[in-house]
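Undergrad: The structure file my_file-v9.cif (mmCIF, C-alpha atoms) is provided below.
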```
data_data
loop_
_atom_site.label_atom_id
_atom_site.label_comp_id
_atom_site.auth_asym_id
_atom_site.auth_seq_id
_atom_site.Cartn_x
_atom_site.Cartn_y
_atom_site.Cartn_z
CA MET A 231 0.00 0.00 0.00
CA ILE A 232 1.05 3.62 -0.45
CA ASN A 233 3.07 5.18 2.34
CA LYS A 234 0.86 7.54 4.31
CA ASN A 235 3.88 9.69 5.12
CA ASN A 236 4.08 10.51 1.44
CA ASP A 237 0.98 12.71 1.61
CA PRO A 238 1.89 15.13 -1.21
CA ARG A 239 0.38 17.95 0.80
CA LYS A 240 3.33 17.59 3.14
CA GLY A 241 5.55 18.71 0.29
CA MET A 242 3.46 21.83 -0.17
CA LYS A 243 4.43 25.01 1.60
CA VAL A 244 2.60 28.18 2.53
CA PRO A 245 4.11 31.67 2.55
CA GLU A 246 5.57 32.61 5.91
CA GLY A 247 3.06 34.15 8.30
CA PHE A 248 0.06 33.22 6.10
CA PHE A 249 -1.82 31.46 8.90
CA ASP A 250 -0.81 34.04 11.53
CA SER A 251 -2.47 36.90 9.70
CA PHE A 252 -5.39 34.95 8.25
CA GLU A 253 -7.93 35.74 11.01
CA ASP A 254 -7.10 39.46 10.91
CA ASP A 255 -7.39 39.60 7.11
CA LEU A 256 -10.66 37.65 7.15
CA MET A 257 -12.26 39.65 9.97
CA ALA A 258 -11.23 42.90 8.25
CA GLN A 259 -12.95 41.72 5.10
CA ILE A 260 -16.04 40.68 7.04
CA GLY A 261 -16.07 44.08 8.76
CA SER A 262 -15.81 45.90 5.43
CA GLN A 263 -18.75 43.95 4.05
CA ALA A 264 -22.31 44.36 5.23
CA LYS A 265 -23.24 42.64 8.49
CA VAL A 266 -25.14 39.35 8.39
CA ILE A 267 -28.56 40.82 7.83
CA PRO A 268 -30.94 39.13 5.42
CA PHE A 269 -31.32 41.10 2.20
CA TRP A 270 -35.06 41.53 2.70
CA SER A 271 -34.75 42.97 6.23
CA LYS A 272 -32.01 45.36 5.20
CA TYR A 273 -33.84 46.82 2.25
CA LYS A 274 -37.41 46.32 3.47
CA LEU A 275 -38.08 49.96 4.38
CA ASN A 276 -36.44 51.23 1.19
CA ALA A 277 -38.44 48.74 -0.88
CA ILE A 278 -41.74 49.71 0.76
CA ALA A 279 -40.97 53.42 0.29
CA ALA A 280 -40.03 52.86 -3.35
CA VAL A 281 -43.22 50.87 -4.08
CA PHE A 282 -45.31 53.53 -2.35
CA MET A 283 -43.69 56.34 -4.34
CA LEU A 284 -44.12 54.38 -7.57
CA ALA A 285 -47.81 53.82 -6.79
CA ILE A 286 -48.35 57.55 -6.14
CA ALA A 287 -46.46 58.46 -9.31
CA ALA A 288 -48.47 55.94 -11.35
CA VAL A 289 -51.81 57.29 -10.05
CA PHE A 290 -50.67 60.88 -10.73
CA ILE A 291 -49.55 60.06 -14.28
CA LEU A 292 -52.76 58.15 -15.03
CA LYS A 293 -54.89 61.00 -13.70
CA LEU A 294 -52.89 63.52 -15.73
CA ASN A 295 -53.31 61.48 -18.90
CA GLN A 296 -57.00 61.07 -18.19
CA ASP A 297 -57.47 64.82 -17.70
CA GLN A 298 -55.52 65.54 -20.85
CA ALA A 299 -57.59 63.05 -22.81
CA ASP A 300 -60.84 64.55 -21.51
CA TYR A 301 -59.65 68.02 -22.24
CA GLN A 302 -58.68 67.15 -25.81
CA PHE A 303 -61.96 65.35 -26.31
CA ALA A 304 -64.00 68.25 -24.87
CA GLU A 305 -62.33 70.63 -27.23
CA LEU A 306 -63.95 68.88 -30.16
CA THR A 307 -67.27 70.47 -30.83
CA LEU A 308 -70.24 68.74 -32.35
CA GLU A 309 -70.28 71.33 -35.06
CA ASP A 310 -66.62 70.77 -35.98
CA ASN A 311 -67.09 66.99 -36.21
CA TRP A 312 -70.54 66.76 -37.71
CA ASP A 313 -69.34 65.61 -41.10
CA TYR A 314 -67.15 62.98 -39.54
CA LEU A 315 -70.00 61.68 -37.36
CA LEU A 316 -72.34 61.50 -40.32
CA GLU A 317 -69.84 59.38 -42.22
CA ASN A 318 -69.00 57.19 -39.20
CA PRO A 319 -72.15 56.90 -37.11
CA ASP A 320 -71.01 53.77 -35.26
CA GLU A 321 -67.63 55.18 -34.28
CA LEU A 322 -68.75 56.72 -30.98
CA SER A 323 -71.18 55.58 -28.32
CA ILE A 324 -74.01 57.81 -27.06
CA ASP A 325 -72.07 58.50 -23.87
CA GLU A 326 -69.00 59.57 -25.82
CA LEU A 327 -71.12 61.60 -28.15
CA SER A 328 -72.71 63.44 -25.25
CA GLN A 329 -69.29 64.71 -24.19
CA PHE A 330 -68.97 66.94 -27.24
CA ASP A 331 -69.52 70.60 -26.57
CA GLY A 332 -73.09 71.46 -27.48
CA ALA A 333 -74.15 67.83 -27.84
CA GLU A 334 -76.42 67.92 -24.83
CA GLN A 335 -78.11 71.06 -26.06
CA ALA A 336 -78.53 69.59 -29.52
CA ILE A 337 -80.03 66.37 -28.11
CA ASN A 338 -82.39 68.38 -25.89
CA GLU A 339 -83.53 70.44 -28.87
CA ILE A 340 -84.19 67.32 -30.93
CA GLU A 341 -86.10 65.69 -28.06
CA LEU A 342 -88.13 68.84 -27.47
CA GLU A 343 -89.02 69.12 -31.13
CA LEU A 344 -89.97 65.46 -31.28
CA TYR A 345 -92.11 65.45 -28.13
CA SER A 346 -93.84 68.71 -28.95
CA ALA A 347 -94.78 67.33 -32.33
CA ILE A 348 -96.19 64.19 -30.73
CA ALA A 349 -97.98 66.16 -28.05
CA SER A 350 -99.69 68.40 -30.54
CA GLU A 351 -101.21 65.35 -32.32
CA GLU A 352 -100.90 67.32 -35.59
CA TRP A 353 -98.90 64.44 -36.99
CA LEU A 354 -102.03 62.28 -36.95
CA ASP A 355 -103.44 64.43 -39.76
CA ASP A 356 -100.56 63.45 -41.97
CA ILE A 357 -101.29 59.74 -41.75
CA ASP A 358 -103.09 58.27 -44.72
CA LEU A 359 -105.63 55.88 -43.14
CA ASP A 360 -106.31 54.12 -46.45
CA MET A 361 -102.66 53.29 -46.74
CA LEU A 362 -102.63 51.78 -43.23
CA GLU A 363 -105.61 49.57 -44.05
CA ASN A 364 -103.89 48.34 -47.21
CA LEU A 365 -100.79 47.43 -45.16
CA ASP A 366 -102.74 44.71 -43.32
CA LYS A 367 -103.62 43.09 -46.58
CA MET B 1171 -16.54 19.85 21.59
CA GLN B 1172 -18.81 21.48 24.14
CA ASN B 1173 -17.01 24.81 23.92
CA GLU B 1174 -17.42 24.82 20.15
CA GLU B 1175 -21.15 24.10 20.45
CA LEU B 1176 -21.56 26.97 22.90
CA ILE B 1177 -19.68 29.37 20.63
CA ILE B 1178 -21.87 28.42 17.67
CA LYS B 1179 -25.08 28.78 19.69
CA ASN B 1180 -23.96 32.20 20.91
CA ILE B 1181 -23.14 33.32 17.37
CA GLN B 1182 -26.56 32.16 16.24
CA LYS B 1183 -28.11 34.22 19.06
CA GLY B 1184 -26.00 37.24 18.09
CA ILE B 1185 -23.77 37.08 21.19
CA ASP B 1186 -20.04 37.83 20.68
CA VAL B 1187 -20.37 37.03 16.99
CA GLU B 1188 -17.01 38.30 15.75
CA LYS B 1189 -15.02 37.00 18.72
CA GLY B 1190 -16.70 33.59 18.50
CA PHE B 1191 -16.22 33.31 14.77
CA ARG B 1192 -12.57 34.27 15.09
CA THR B 1193 -12.14 31.36 17.54
CA LEU B 1194 -13.73 28.94 15.07
CA VAL B 1195 -11.46 30.19 12.29
CA THR B 1196 -8.41 29.64 14.50
CA LEU B 1197 -9.58 26.10 15.24
CA TYR B 1198 -10.20 25.10 11.64
CA LYS B 1199 -8.08 27.29 9.36
CA GLU B 1200 -5.16 24.87 8.89
CA ARG B 1201 -7.26 21.76 8.48
CA ILE B 1202 -9.54 23.47 5.98
CA TYR B 1203 -6.59 25.00 4.14
CA TRP B 1204 -4.90 21.62 3.55
CA HIS B 1205 -8.18 20.04 2.47
CA ILE B 1206 -8.64 22.82 -0.10
CA ARG B 1207 -5.00 22.74 -1.15
CA GLY B 1208 -5.35 19.03 -1.87
CA ILE B 1209 -8.11 19.86 -4.34
CA VAL B 1210 -7.01 23.10 -6.02
CA LYS B 1211 -3.25 22.49 -5.76
CA THR B 1212 -1.65 25.96 -5.84
CA HIS B 1213 -1.35 28.15 -2.76
CA GLU B 1214 -2.82 31.22 -4.48
CA ASP B 1215 -5.98 29.34 -5.43
CA ALA B 1216 -6.20 27.68 -2.01
CA ALA B 1217 -5.91 31.05 -0.25
CA ASP B 1218 -8.73 32.52 -2.36
CA VAL B 1219 -10.97 29.49 -1.87
CA MET B 1220 -10.28 29.41 1.88
CA GLN B 1221 -11.23 33.09 2.20
CA ASN B 1222 -14.49 32.44 0.33
CA THR B 1223 -15.16 29.35 2.43
CA PHE B 1224 -14.95 31.22 5.73
CA LEU B 1225 -16.91 34.18 4.38
CA LYS B 1226 -19.65 31.81 3.31
CA ALA B 1227 -19.56 30.07 6.68
CA TYR B 1228 -19.88 33.44 8.45
CA LYS B 1229 -22.85 34.46 6.34
CA ASN B 1230 -24.62 31.11 6.74
CA ILE B 1231 -23.75 30.04 10.26
CA GLY B 1232 -27.31 30.88 11.27
CA THR B 1233 -28.51 27.95 9.15
CA PHE B 1234 -26.09 25.43 10.71
CA LYS B 1235 -27.98 22.72 12.63
CA SER B 1236 -26.35 21.20 15.67
CA ASP B 1237 -27.43 17.67 14.68
CA SER B 1238 -24.45 17.56 12.29
CA LYS B 1239 -20.78 18.14 13.08
CA PHE B 1240 -19.43 21.63 12.53
CA TYR B 1241 -16.21 20.37 10.96
CA THR B 1242 -18.11 18.31 8.36
CA TRP B 1243 -20.23 21.40 7.62
CA MET B 1244 -17.05 23.41 7.10
CA TYR B 1245 -15.55 20.64 4.93
CA ARG B 1246 -18.71 20.62 2.87
CA ILE B 1247 -18.51 24.35 2.15
CA ALA B 1248 -14.77 24.07 1.44
CA THR B 1249 -15.30 21.13 -0.93
CA ASN B 1250 -18.10 22.87 -2.82
CA GLU B 1251 -16.10 26.09 -3.10
CA SER B 1252 -13.05 24.17 -4.32
CA LEU B 1253 -15.04 22.24 -6.92
CA ASN B 1254 -16.69 25.47 -8.12
CA HIS B 1255 -13.26 27.02 -8.40
CA LEU B 1256 -11.95 24.08 -10.46
CA GLN B 1257 -15.00 24.23 -12.69
CA LYS B 1258 -14.47 27.95 -13.35
CA GLN B 1259 -10.80 27.29 -14.07
CA LYS B 1260 -11.65 24.50 -16.51
CA LYS B 1261 -13.80 26.90 -18.49
CA TYR B 1262 -10.75 29.04 -19.17
CA LYS B 1263 -8.28 26.18 -19.57
CA SER B 1264 -8.26 23.67 -22.39
CA GLU B 1265 -4.93 22.10 -21.40
CA GLU B 1266 -4.90 18.58 -20.03
CA ALA B 1267 -4.26 17.45 -16.45
CA GLU B 1268 -0.54 16.98 -17.17
CA HIS B 1269 -0.19 20.72 -17.55
CA GLU B 1270 -1.37 21.15 -13.96
CA VAL B 1271 1.26 18.70 -12.70
CA LEU B 1272 3.88 20.66 -14.62
CA SER B 1273 2.62 23.80 -12.95
CA LEU B 1274 2.92 21.98 -9.62
CA GLU B 1275 6.57 21.19 -10.37
CA ALA B 1276 7.11 24.83 -11.11
CA ASP B 1277 5.16 25.86 -8.00
CA THR B 1278 7.50 27.68 -5.65
CA TYR B 1279 5.31 26.47 -2.76
CA PHE B 1280 5.97 22.79 -3.53
CA ASP B 1281 9.21 21.22 -2.39
CA GLY B 1282 8.16 17.59 -1.93
CA ASP B 1283 10.54 14.69 -2.60
CA GLU B 1284 10.29 12.39 -5.62
CA ALA B 1285 7.88 9.97 -3.94
CA GLN B 1286 5.53 12.81 -3.03
CA MET B 1287 5.74 14.19 -6.55
CA ILE B 1288 4.86 10.79 -8.06
CA LEU B 1289 1.96 10.40 -5.64
CA GLN B 1290 0.77 13.88 -6.45
CA LYS B 1291 0.87 13.03 -10.16
CA ALA B 1292 -1.12 9.87 -9.44
CA LEU B 1293 -3.70 11.91 -7.53
CA GLU B 1294 -3.88 14.41 -10.38
CA SER B 1295 -4.81 11.60 -12.75
CA LEU B 1296 -7.96 10.86 -10.73
CA PRO B 1297 -11.34 12.47 -11.32
CA ASP B 1298 -11.89 15.35 -8.83
CA LYS B 1299 -14.40 13.53 -6.63
CA GLN B 1300 -12.32 10.32 -6.41
CA ARG B 1301 -9.31 12.40 -5.41
CA ILE B 1302 -11.30 14.19 -2.69
CA VAL B 1303 -12.60 10.89 -1.29
CA PHE B 1304 -9.09 9.41 -1.32
CA ASN B 1305 -7.56 12.44 0.45
CA MET B 1306 -10.24 12.52 3.14
CA LYS B 1307 -10.21 8.77 3.79
CA TYR B 1308 -6.54 7.93 3.41
CA PHE B 1309 -4.63 11.02 4.48
CA ASP B 1310 -7.16 12.74 6.78
CA ASP B 1311 -8.38 9.47 8.35
CA MET B 1312 -12.00 10.54 8.16
CA SER B 1313 -14.76 7.98 8.68
CA TYR B 1314 -17.00 7.04 5.76
CA ASN B 1315 -19.96 8.47 7.68
CA ASP B 1316 -18.29 11.87 8.00
CA ILE B 1317 -17.22 11.87 4.34
CA SER B 1318 -20.78 10.93 3.45
CA GLU B 1319 -22.01 13.99 5.38
CA VAL B 1320 -19.51 16.22 3.57
CA LEU B 1321 -20.17 14.97 0.05
CA GLY B 1322 -23.79 13.95 0.38
CA THR B 1323 -22.93 10.54 -1.13
CA SER B 1324 -23.86 7.10 0.23
CA VAL B 1325 -21.26 5.18 2.24
CA GLY B 1326 -21.42 2.35 -0.33
CA GLY B 1327 -20.66 4.77 -3.14
CA LEU B 1328 -17.75 6.24 -1.17
CA LYS B 1329 -16.26 2.79 -0.54
CA ALA B 1330 -16.40 2.03 -4.25
CA SER B 1331 -14.83 5.41 -5.09
CA PHE B 1332 -12.02 4.84 -2.60
CA HIS B 1333 -11.37 1.33 -3.94
CA HIS B 1334 -11.12 2.57 -7.55
CA ALA B 1335 -8.91 5.50 -6.52
CA LYS B 1336 -6.56 3.25 -4.53
CA ASN B 1337 -6.18 0.78 -7.44
CA LYS B 1338 -5.51 3.57 -9.94
CA ILE B 1339 -2.91 5.18 -7.69
CA GLU B 1340 -1.11 1.88 -7.05
CA ALA B 1341 -1.02 1.11 -10.76
CA PHE B 1342 0.29 4.62 -11.50
CA VAL B 1343 3.02 4.39 -8.83
CA LYS B 1344 4.09 0.91 -10.03
CA GLN B 1345 4.34 2.15 -13.59
CA GLN B 1346 6.45 5.13 -12.54
CA SER B 1347 8.79 2.88 -10.50
CA LEU B 1348 9.59 0.60 -13.44
#
```
Could you rewrite the structure in this file as structure tokens?
TA:
Amino acid sequence: MINKNNDPRKGMKVPEGFFDSFEDDLMAQIGSQAKVIPFWSKYKLNAIAAVFMLAIAAVFILKLNQDQADYQFAELTLEDNWDYLLENPDELSIDELSQFDGAEQAINEIELELYSAIASEEWLDDIDLDMLENLDK
Amino acid sequence: MQNEELIIKNIQKGIDVEKGFRTLVTLYKERIYWHIRGIVKTHEDAADVMQNTFLKAYKNIGTFKSDSKFYTWMYRIATNESLNHLQKQKKYKSEEAEHEVLSLEADTYFDGDEAQMILQKALESLPDKQRIVFNMKYFDDMSYNDISEVLGTSVGGLKASFHHAKNKIEAFVKQQSL
């Protein structure tokens, strides 16, 4: 069997004083690094603050964009976009349409005109009764 | 070691951490150094790996469980750090194992006799894990159970590794003596 005294590590040397100064060198390095505090504990407060600030900033930016969008939309008048709306009647919903300047007034006028005509019953005179009877046939 | 257990428990509780850890380093530095040196070969590499080993031990001592031995825990970190170091080195080196023996001959920190040089060459010819098992069992007189704790390998597997390593080394030494 191999001679145990021939452990090749016995032929290896270390620089003089290496072991004597090792603890000091190591502890100095440990001291220069952060203490043994878990990453999460160390940065928890900073992380919470950062998330909070980001949330506030996100809400602020969203609100700003929303206001700007509303403002731009409100600037468009019904009169200015009438041609466009006639060509693209399905493009906007009633709610969106009502946000145009003057839209509410225009709708009210149309409604008033319509209801007043119905209320007056003058429209009944315009109906051709013979034509209605023929429709059933 | 009762004193060692107490030091570790105190460190884990945050009592005299630096003083206690310094004591543990003093207790284990030489043993750990020679274990690492047997794996990475040159002093410069061994010094770097030993530094990393103790830094890692300091950072993770809170996770050490007293149901295992502290020295096997330290050996485990040292072995993993050494193997990681070798793996990183291999990425940058394409030369064969013989080159490393040549570098050992040129190593100013190696002044072994011819028999030690031949044995070192024989050890170099082994796969890393077989060499580690052989060093721990044959030269450090560690039990298979302790080696098993360090390497996370079964005792049966370790016995087989040691047997193969011993046969390869004997064949290598015989060939060199012819």
Undergrad: Can you give me, as a PyMOL selection string, the residues this file yields under the PyMOL selection byres ((chain B) within 10 of (chain A))?
TA: chain B and resi 1184+1188-1189+1191-1196+1199-1200+1203-1205+1207-1208+1211-1214+1216-1217+1220-1222+1224-1225+1228-1232+1274+1277-1291+1293+1305+1308-1310+1336-1337+1339-1340+1343
Undergrad: Translate the PyMOL selection byres ((chain B and resi 1303) around 9), as applied to the file shown, into an explicit residue set as a PyMOL selection string.
TA: chain B and resi 1298-1302+1304-1308+1317+1321+1328-1329+1331-1332+1335
Undergrad: Please produce an output containing C-alpha atoms for each residue in the selection, written as a short mmCIF file (atom, residue, chain, number, x, y, z; two decimals), in the coordinates of the input.
TA:
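The result, stored in again01.cif:
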```
data_model
loop_
_atom_site.label_atom_id
_atom_site.label_comp_id
_atom_site.auth_asym_id
_atom_site.auth_seq_id
_atom_site.Cartn_x
_atom_site.Cartn_y
_atom_site.Cartn_z
CA ASP B 1298 -11.89 15.35 -8.83
CA LYS B 1299 -14.40 13.53 -6.63
CA GLN B 1300 -12.32 10.32 -6.41
CA ARG B 1301 -9.31 12.40 -5.41
CA ILE B 1302 -11.30 14.19 -2.69
CA PHE B 1304 -9.09 9.41 -1.32
CA ASN B 1305 -7.56 12.44 0.45
CA MET B 1306 -10.24 12.52 3.14
CA LYS B 1307 -10.21 8.77 3.79
CA TYR B 1308 -6.54 7.93 3.41
CA ILE B 1317 -17.22 11.87 4.34
CA LEU B 1321 -20.17 14.97 0.05
CA LEU B 1328 -17.75 6.24 -1.17
CA LYS B 1329 -16.26 2.79 -0.54
CA SER B 1331 -14.83 5.41 -5.09
CA PHE B 1332 -12.02 4.84 -2.60
CA ALA B 1335 -8.91 5.50 -6.52
#
```
Undergrad: With all atoms listed in the file as the atoms that count, which of B:Lys1338, B:Lys1344, B:Lys1239, B:Lys1183 lies nearest to Ser1295 in chain B?
TA: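 Nearest candidate to Ser1295 in chain B out of B:Lys1338, B:Lys1344, B:Lys1239, B:Lys1183: B:Lys1338.
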Undergrad: What is the distance between CA of Lys1179 in chain B and CA of Phe1240 in chain B, in Å to one decimal?
TA: 11.6 Å
Undergrad: Work out how far CA of Leu1296 in chain B is from CA of Ala1227 in chain B, in Å to one decimal.
TA: 28.4 Å
Undergrad: So how many Å separate CA of Ser1318 in chain B and CA of Leu1253 in chain B, to one decimal?
TA: 16.4 Å
Undergrad: May I ask which of the residues B:Leu1176, B:Leu1256, B:Met1244, B:Ala1330 is the closest one to Gly1190 in chain B, counting only C-alpha atoms?
TA: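 Distance minimum relative to Gly1190 in chain B lands on B:Leu1176.
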